[in-house]
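Trainee: This one is work_12.pdb, PDB, C-alpha atoms.
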ATOM      1  CA  MET A   1      83.163  83.963 101.458
ATOM      2  CA  LYS A   2      81.463  82.282  98.561
ATOM      3  CA  ASP A   3      82.961  79.984  95.909
ATOM      4  CA  GLU A   4      81.707  82.452  93.299
ATOM      5  CA  LEU A   5      83.995  85.125  94.762
ATOM      6  CA  LEU A   6      87.013  82.805  94.669
ATOM      7  CA  ASP A   7      86.300  81.900  91.028
ATOM      8  CA  ILE A   8      85.992  85.558  90.039
ATOM      9  CA  VAL A   9      89.292  86.536  91.699
ATOM     10  CA  LYS A  10      91.055  83.455  90.253
ATOM     11  CA  LYS A  11      89.949  84.481  86.769
ATOM     12  CA  GLY A  12      91.312  88.011  87.200
ATOM     13  CA  GLY A  13      88.079  89.656  88.316
ATOM     14  CA  ILE A  14      87.619  92.583  90.689
ATOM     15  CA  ALA A  15      85.430  92.345  93.795
ATOM     16  CA  ILE A  16      84.184  94.657  96.531
ATOM     17  CA  ILE A  17      83.999  92.852  99.847
ATOM     18  CA  PRO A  18      83.861  93.640 103.567
ATOM     19  CA  THR A  19      87.222  93.457 105.306
ATOM     20  CA  ASP A  20      88.101  93.790 108.974
ATOM     21  CA  THR A  21      88.746  97.502 108.399
ATOM     22  CA  VAL A  22      86.465  98.987 105.676
ATOM     23  CA  TYR A  23      84.907  97.799 102.400
ATOM     24  CA  GLY A  24      87.711  97.028 100.003
ATOM     25  CA  ILE A  25      88.283  96.516  96.297
ATOM     26  CA  VAL A  26      90.262  93.293  95.971
ATOM     27  CA  CYS A  27      91.985  91.323  93.229
ATOM     28  CA  ASP A  28      94.810  88.837  92.700
ATOM     29  CA  ALA A  29      97.935  90.840  93.591
ATOM     30  CA  LEU A  30     100.059  88.922  91.069
ATOM     31  CA  ASN A  31      97.741  89.604  88.118
ATOM     32  CA  GLU A  32      99.053  92.862  86.630
ATOM     33  CA  GLU A  33      96.008  93.426  84.411
ATOM     34  CA  SER A  34      93.658  93.059  87.398
ATOM     35  CA  VAL A  35      95.731  95.510  89.450
ATOM     36  CA  ARG A  36      95.667  97.965  86.526
ATOM     37  CA  ARG A  37      91.860  97.714  86.471
ATOM     38  CA  VAL A  38      91.714  98.549  90.188
ATOM     39  CA  TYR A  39      93.778 101.695  89.575
ATOM     40  CA  GLU A  40      91.423 102.697  86.750
ATOM     41  CA  ILE A  41      88.218 101.928  88.702
ATOM     42  CA  LYS A  42      89.386 104.027  91.656
ATOM     43  CA  ASN A  43      90.858 106.748  89.447
ATOM     44  CA  ARG A  44      93.966 106.225  91.557
ATOM     45  CA  ASP A  45      97.302 107.735  90.639
ATOM     46  CA  TYR A  46      99.771 105.041  89.568
ATOM     47  CA  SER A  47     102.365 106.676  91.825
ATOM     48  CA  LYS A  48     100.346 105.520  94.881
ATOM     49  CA  ALA A  49     101.327 101.969  95.760
ATOM     50  CA  MET A  50      98.767  99.352  96.758
ATOM     51  CA  ILE A  51      98.605  97.306  99.968
ATOM     52  CA  ILE A  52      98.435  93.520  99.800
ATOM     53  CA  LEU A  53      96.926  91.038 102.256
ATOM     54  CA  VAL A  54      98.472  87.676 103.146
ATOM     55  CA  SER A  55      96.946  84.723 104.964
ATOM     56  CA  ASP A  56      99.898  83.764 107.170
ATOM     57  CA  GLU A  57     103.626  84.204 107.781
ATOM     58  CA  ASP A  58     104.571  81.493 105.291
ATOM     59  CA  MET A  59     102.915  83.512 102.544
ATOM     60  CA  LEU A  60     104.518  86.713 103.850
ATOM     61  CA  LYS A  61     107.996  85.193 103.510
ATOM     62  CA  LYS A  62     107.419  84.496  99.801
ATOM     63  CA  TYR A  63     106.985  88.198  99.073
ATOM     64  CA  VAL A  64     109.430  90.027 101.353
ATOM     65  CA  SER A  65     113.199  89.928 101.115
ATOM     66  CA  ASN A  66     113.846  90.236 104.843
ATOM     67  CA  ILE A  67     112.056  90.446 108.197
ATOM     68  CA  SER A  68     114.019  92.263 110.894
ATOM     69  CA  PRO A  69     113.805  91.218 114.569
ATOM     70  CA  LEU A  70     111.768  94.358 115.360
ATOM     71  CA  GLU A  71     109.372  93.676 112.464
ATOM     72  CA  GLN A  72     108.984  90.105 113.698
ATOM     73  CA  GLU A  73     108.240  91.325 117.229
ATOM     74  CA  ILE A  74     105.540  93.665 115.900
ATOM     75  CA  ILE A  75     104.063  90.889 113.725
ATOM     76  CA  ASN A  76     103.901  88.572 116.742
ATOM     77  CA  LYS A  77     102.037  91.215 118.773
ATOM     78  CA  TYR A  78      99.707  92.813 116.241
ATOM     79  CA  TRP A  79      98.991  90.333 113.444
ATOM     80  CA  PRO A  80      96.420  89.393 112.450
ATOM     81  CA  GLY A  81      94.916  92.851 112.765
ATOM     82  CA  PRO A  82      94.574  96.402 111.395
ATOM     83  CA  LEU A  83      98.305  97.006 110.943
ATOM     84  CA  THR A  84     100.111  97.328 107.608
ATOM     85  CA  ILE A  85     103.906  97.014 107.638
ATOM     86  CA  ILE A  86     106.104  98.234 104.797
ATOM     87  CA  PHE A  87     108.771  95.694 103.818
ATOM     88  CA  LYS A  88     111.372  95.297 101.078
ATOM     89  CA  LYS A  89     109.532  93.291  98.444
ATOM     90  CA  LYS A  90     110.232  90.282  96.273
ATOM     91  CA  ASN A  91     108.085  88.498  93.661
ATOM     92  CA  ILE A  92     105.543  91.347  93.517
ATOM     93  CA  PRO A  93     104.724  93.108  90.204
ATOM     94  CA  ASN A  94     106.024  96.676  89.962
ATOM     95  CA  ILE A  95     102.543  98.024  89.220
ATOM     96  CA  VAL A  96     101.468  97.080  92.759
ATOM     97  CA  THR A  97     104.355  98.987  94.328
ATOM     98  CA  SER A  98     104.545 101.980  91.944
ATOM     99  CA  ASN A  99     107.932 100.786  90.685
ATOM    100  CA  THR A 100     109.487 100.926  94.168
ATOM    101  CA  ASP A 101     111.221  98.104  96.022
ATOM    102  CA  GLU A 102     108.813  98.279  98.993
ATOM    103  CA  ILE A 103     105.414  96.743  99.664
ATOM    104  CA  GLY A 104     102.819  97.382 102.384
ATOM    105  CA  ILE A 105     101.491  94.079 103.746
ATOM    106  CA  ARG A 106      98.781  93.232 106.247
ATOM    107  CA  MET A 107      97.438  90.003 107.704
ATOM    108  CA  PRO A 108      93.691  90.502 108.229
ATOM    109  CA  LYS A 109      91.793  89.196 111.238
ATOM    110  CA  ASP A 110      88.664  88.296 109.270
ATOM    111  CA  GLU A 111      88.422  84.494 108.937
ATOM    112  CA  ALA A 112      86.494  84.589 105.651
ATOM    113  CA  LEU A 113      89.081  86.922 104.128
ATOM    114  CA  ILE A 114      91.982  84.740 105.297
ATOM    115  CA  ASN A 115      90.183  81.718 103.871
ATOM    116  CA  LEU A 116      89.818  83.450 100.491
ATOM    117  CA  ILE A 117      93.558  84.246 100.382
ATOM    118  CA  LYS A 118      94.483  80.688 101.442
ATOM    119  CA  ARG A 119      92.251  79.130  98.795
ATOM    120  CA  LEU A 120      93.568  81.497  96.138
ATOM    121  CA  ASP A 121      97.088  80.644  97.371
ATOM    122  CA  LYS A 122      98.238  84.152  96.476
ATOM    123  CA  PRO A 123      98.145  87.542  98.172
ATOM    124  CA  ILE A 124      95.367  89.939  97.231
ATOM    125  CA  VAL A 125      95.459  93.668  96.615
ATOM    126  CA  ALA A 126      93.055  95.372  98.998
ATOM    127  CA  THR A 127      92.333  99.071  98.744
ATOM    128  CA  SER A 128      89.380 101.060 100.038
ATOM    129  CA  ALA A 129      86.289 100.832  97.808
ATOM    130  CA  ASN A 130      86.033 104.505  96.933
ATOM    131  CA  ILE A 131      87.167 106.899  94.246
ATOM    132  CA  SER A 132      90.611 108.154  95.265
ATOM    133  CA  SER A 133      90.536 111.032  97.769
ATOM    134  CA  GLN A 134      86.850 110.388  98.575
ATOM    135  CA  LYS A 135      85.584 109.035 101.913
ATOM    136  CA  THR A 136      86.118 105.368 102.735
ATOM    137  CA  ILE A 137      83.040 103.177 102.295
ATOM    138  CA  THR A 138      81.385 101.640 105.357
ATOM    139  CA  ASN A 139      78.233 100.434 103.558
ATOM    140  CA  VAL A 140      77.761  99.307  99.937
ATOM    141  CA  SER A 141      74.824 101.720  99.564
ATOM    142  CA  LEU A 142      77.468 104.491  99.651
ATOM    143  CA  LEU A 143      79.397 103.125  96.653
ATOM    144  CA  GLU A 144      79.731 105.496  93.700
ATOM    145  CA  LYS A 145      77.816 104.283  90.631
ATOM    146  CA  GLU A 146      80.947 104.333  88.463
ATOM    147  CA  ILE A 147      82.608 101.873  90.857
ATOM    148  CA  LYS A 148      79.549  99.595  91.105
ATOM    149  CA  ASP A 149      79.305  99.388  87.313
ATOM    150  CA  LEU A 150      82.950  98.436  86.813
ATOM    151  CA  VAL A 151      83.507  95.644  89.347
ATOM    152  CA  ASP A 152      82.604  91.976  88.850
ATOM    153  CA  TYR A 153      81.260  91.149  92.308
ATOM    154  CA  ILE A 154      79.912  93.001  95.357
ATOM    155  CA  GLU A 155      79.347  91.402  98.753
ATOM    156  CA  ASP A 156      77.019  93.309 101.075
ATOM    157  CA  ASP A 157      77.666  92.704 104.763
ATOM    158  CA  GLY A 158      75.814  95.729 106.115
ATOM    159  CA  THR A 159      77.600  98.597 107.816
ATOM    160  CA  ILE A 160      81.226  98.248 108.920
ATOM    161  CA  GLU A 161      82.245 100.674 111.644
ATOM    162  CA  ASN A 162      86.015 100.397 111.522
ATOM    163  CA  GLU A 163      88.996 102.583 110.685
ATOM    164  CA  SER A 164      91.540 101.994 107.959
ATOM    165  CA  SER A 165      94.675 100.155 109.026
ATOM    166  CA  THR A 166      97.642 101.894 110.604
ATOM    167  CA  ILE A 167     100.681 101.840 108.285
ATOM    168  CA  ILE A 168     104.190 101.683 109.731
ATOM    169  CA  LYS A 169     107.736 101.272 108.507
ATOM    170  CA  VAL A 170     110.698 100.075 110.543
ATOM    171  CA  ILE A 171     113.699 102.369 109.918
ATOM    172  CA  ASN A 172     117.302 101.171 110.413
ATOM    173  CA  ASN A 173     115.951  98.031 112.134
ATOM    174  CA  ASN A 174     115.327  99.946 115.367
ATOM    175  CA  GLU A 175     112.849 102.819 114.867
ATOM    176  CA  VAL A 176     109.163 102.661 113.996
ATOM    177  CA  LYS A 177     107.748 105.365 111.747
ATOM    178  CA  ILE A 178     103.982 105.845 111.421
ATOM    179  CA  ILE A 179     103.096 106.440 107.766
ATOM    180  CA  ARG A 180      99.300 106.499 108.200
ATOM    181  CA  HIS A 181      97.417 106.840 111.459
ATOM    182  CA  GLY A 182      94.655 104.352 112.133
ATOM    183  CA  LYS A 183      93.285 102.137 114.847
ATOM    184  CA  LEU A 184      96.655 101.129 116.372
ATOM    185  CA  ALA A 185      98.621 104.363 115.958
ATOM    186  CA  SER A 186      98.343 105.600 119.552
ATOM    187  CA  ILE A 187      99.172 102.170 121.029
ATOM    188  CA  LEU A 188     102.212 101.765 118.770
ATOM    189  CA  SER A 189     103.349 105.329 119.492
ATOM    190  CA  ARG A 190     103.385 104.642 123.219
ATOM    191  CA  GLU A 191     105.056 101.265 122.910
ATOM    192  CA  TYR A 192     107.716 102.038 120.311
ATOM    193  CA  ASN A 193     108.285 105.780 120.618
ATOM    194  CA  CYS A 194     107.306 106.159 116.985
ATOM    195  CA  ILE A 195     108.737 108.881 114.803
TER
END
Translate this file's structure into structure tokens.
Mentor:
Amino acid sequence: MKDELLDIVKKGGIAIIPTDTVYGIVCDALNEESVRRVYEIKNRDYSKAMIILVSDEDMLKKYVSNISPLEQEIINKYWPGPLTIIFKKKNIPNIVTSNTDEIGIRMPKDEALINLIKRLDKPIVATSANISSQKTITNVSLLEKEIKDLVDYIEDDGTIENESSTIIKVINNNEVKIIRHGKLASILSREYNCI
């Protein structure tokens, strides 16, 4: 990822970039004004929380209040990768989490994306680069004009043929609930008897 992208995100800008799942709209997760812009650009309801990406477990620990043994086991097996886990949050603005005490977090597999987060030294919001309730974007040529016109940077990496991440939540420290199906849902269902 280019220095220009890092500078834009550092300054509170909004970018559309390829991720290891689909094209995403990203911004500094700790910059409330930037997060608000993402909601507006996507026409996303403020009651729908955002997902954030972290570069490593050290960063994860700064933004979650606890990691259960089962969550740690799942992290060890499936991160980095297309799996979002919902944790109890700390140090995350309420706008990101729709005023709840939980946050969905993922560690991406894409080296360039991890490098961006490391160099920013903060988590990033990453949400699919489409108007809410529309299809996810696998090529920048499919971006709606209103989105293109409102972001500060677009990186074209051709067509991405991947699914959105699976979202899970560990209940009572011993059960795994699938919140959103995705690439890993069937594997996790078999392994953890998901509810």
Trainee: For stretch 55-65 of chain A, find every residue with an atom within 7 Å (counting all atoms listed in the file), except residues of its own chain fewer than 3 positions away, and show them as number ranges by chain.
Mentor: A: 87-92, 107, 114, 117-118
Trainee: Which value, in Å to one decimal, gives the distance between atom CA of A:Asp7 and atom CA of A:Val151?
Mentor: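 Interatomic distance, atom CA of A:Asp7 to atom CA of A:Val151: 14.1 Å.
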Trainee: For A:Pro93, which residue out of A:Lys48, A:Lys10, A:Lys42, A:Arg36 is the nearest one, using all atoms listed in the file?
Mentor: A:Arg36
Trainee: Run through the PyMOL selection byres ((chain A and resi 119) around 12) on the given coordinates and return the selected residues as a list in words.
Mentor: Met1, Lys2, Asp3, Leu5, Leu6, Asp7, Val9, Lys10, Asp28, Val54, Ser55, Ala112, Leu113, Ile114, Asn115, Leu116, Ile117, Lys118, Leu120, Asp121, Lys122, Pro123 and Ile124 of chain A
Trainee: Using the chain letters and numbers from the file, give me the residues hit by the PyMOL selection byres ((chain A and resi 98) around 7), as a VMD selection string.
Mentor: chain A and resid 46 to 49 94 to 97 99 to 100
Trainee: Got time to write the residues from that selection, C-alpha atoms, as a CSV table (one decimal), in the frame of the given file?
Mentor:
chain,number,residue,atom,x,y,z
A,46,TYR,CA,99.8,105.0,89.6
A,47,SER,CA,102.4,106.7,91.8
A,48,LYS,CA,100.3,105.5,94.9
A,49,ALA,CA,101.3,102.0,95.8
A,94,ASN,CA,106.0,96.7,90.0
A,95,ILE,CA,102.5,98.0,89.2
A,96,VAL,CA,101.5,97.1,92.8
A,97,THR,CA,104.4,99.0,94.3
A,99,ASN,CA,107.9,100.8,90.7
A,100,THR,CA,109.5,100.9,94.2
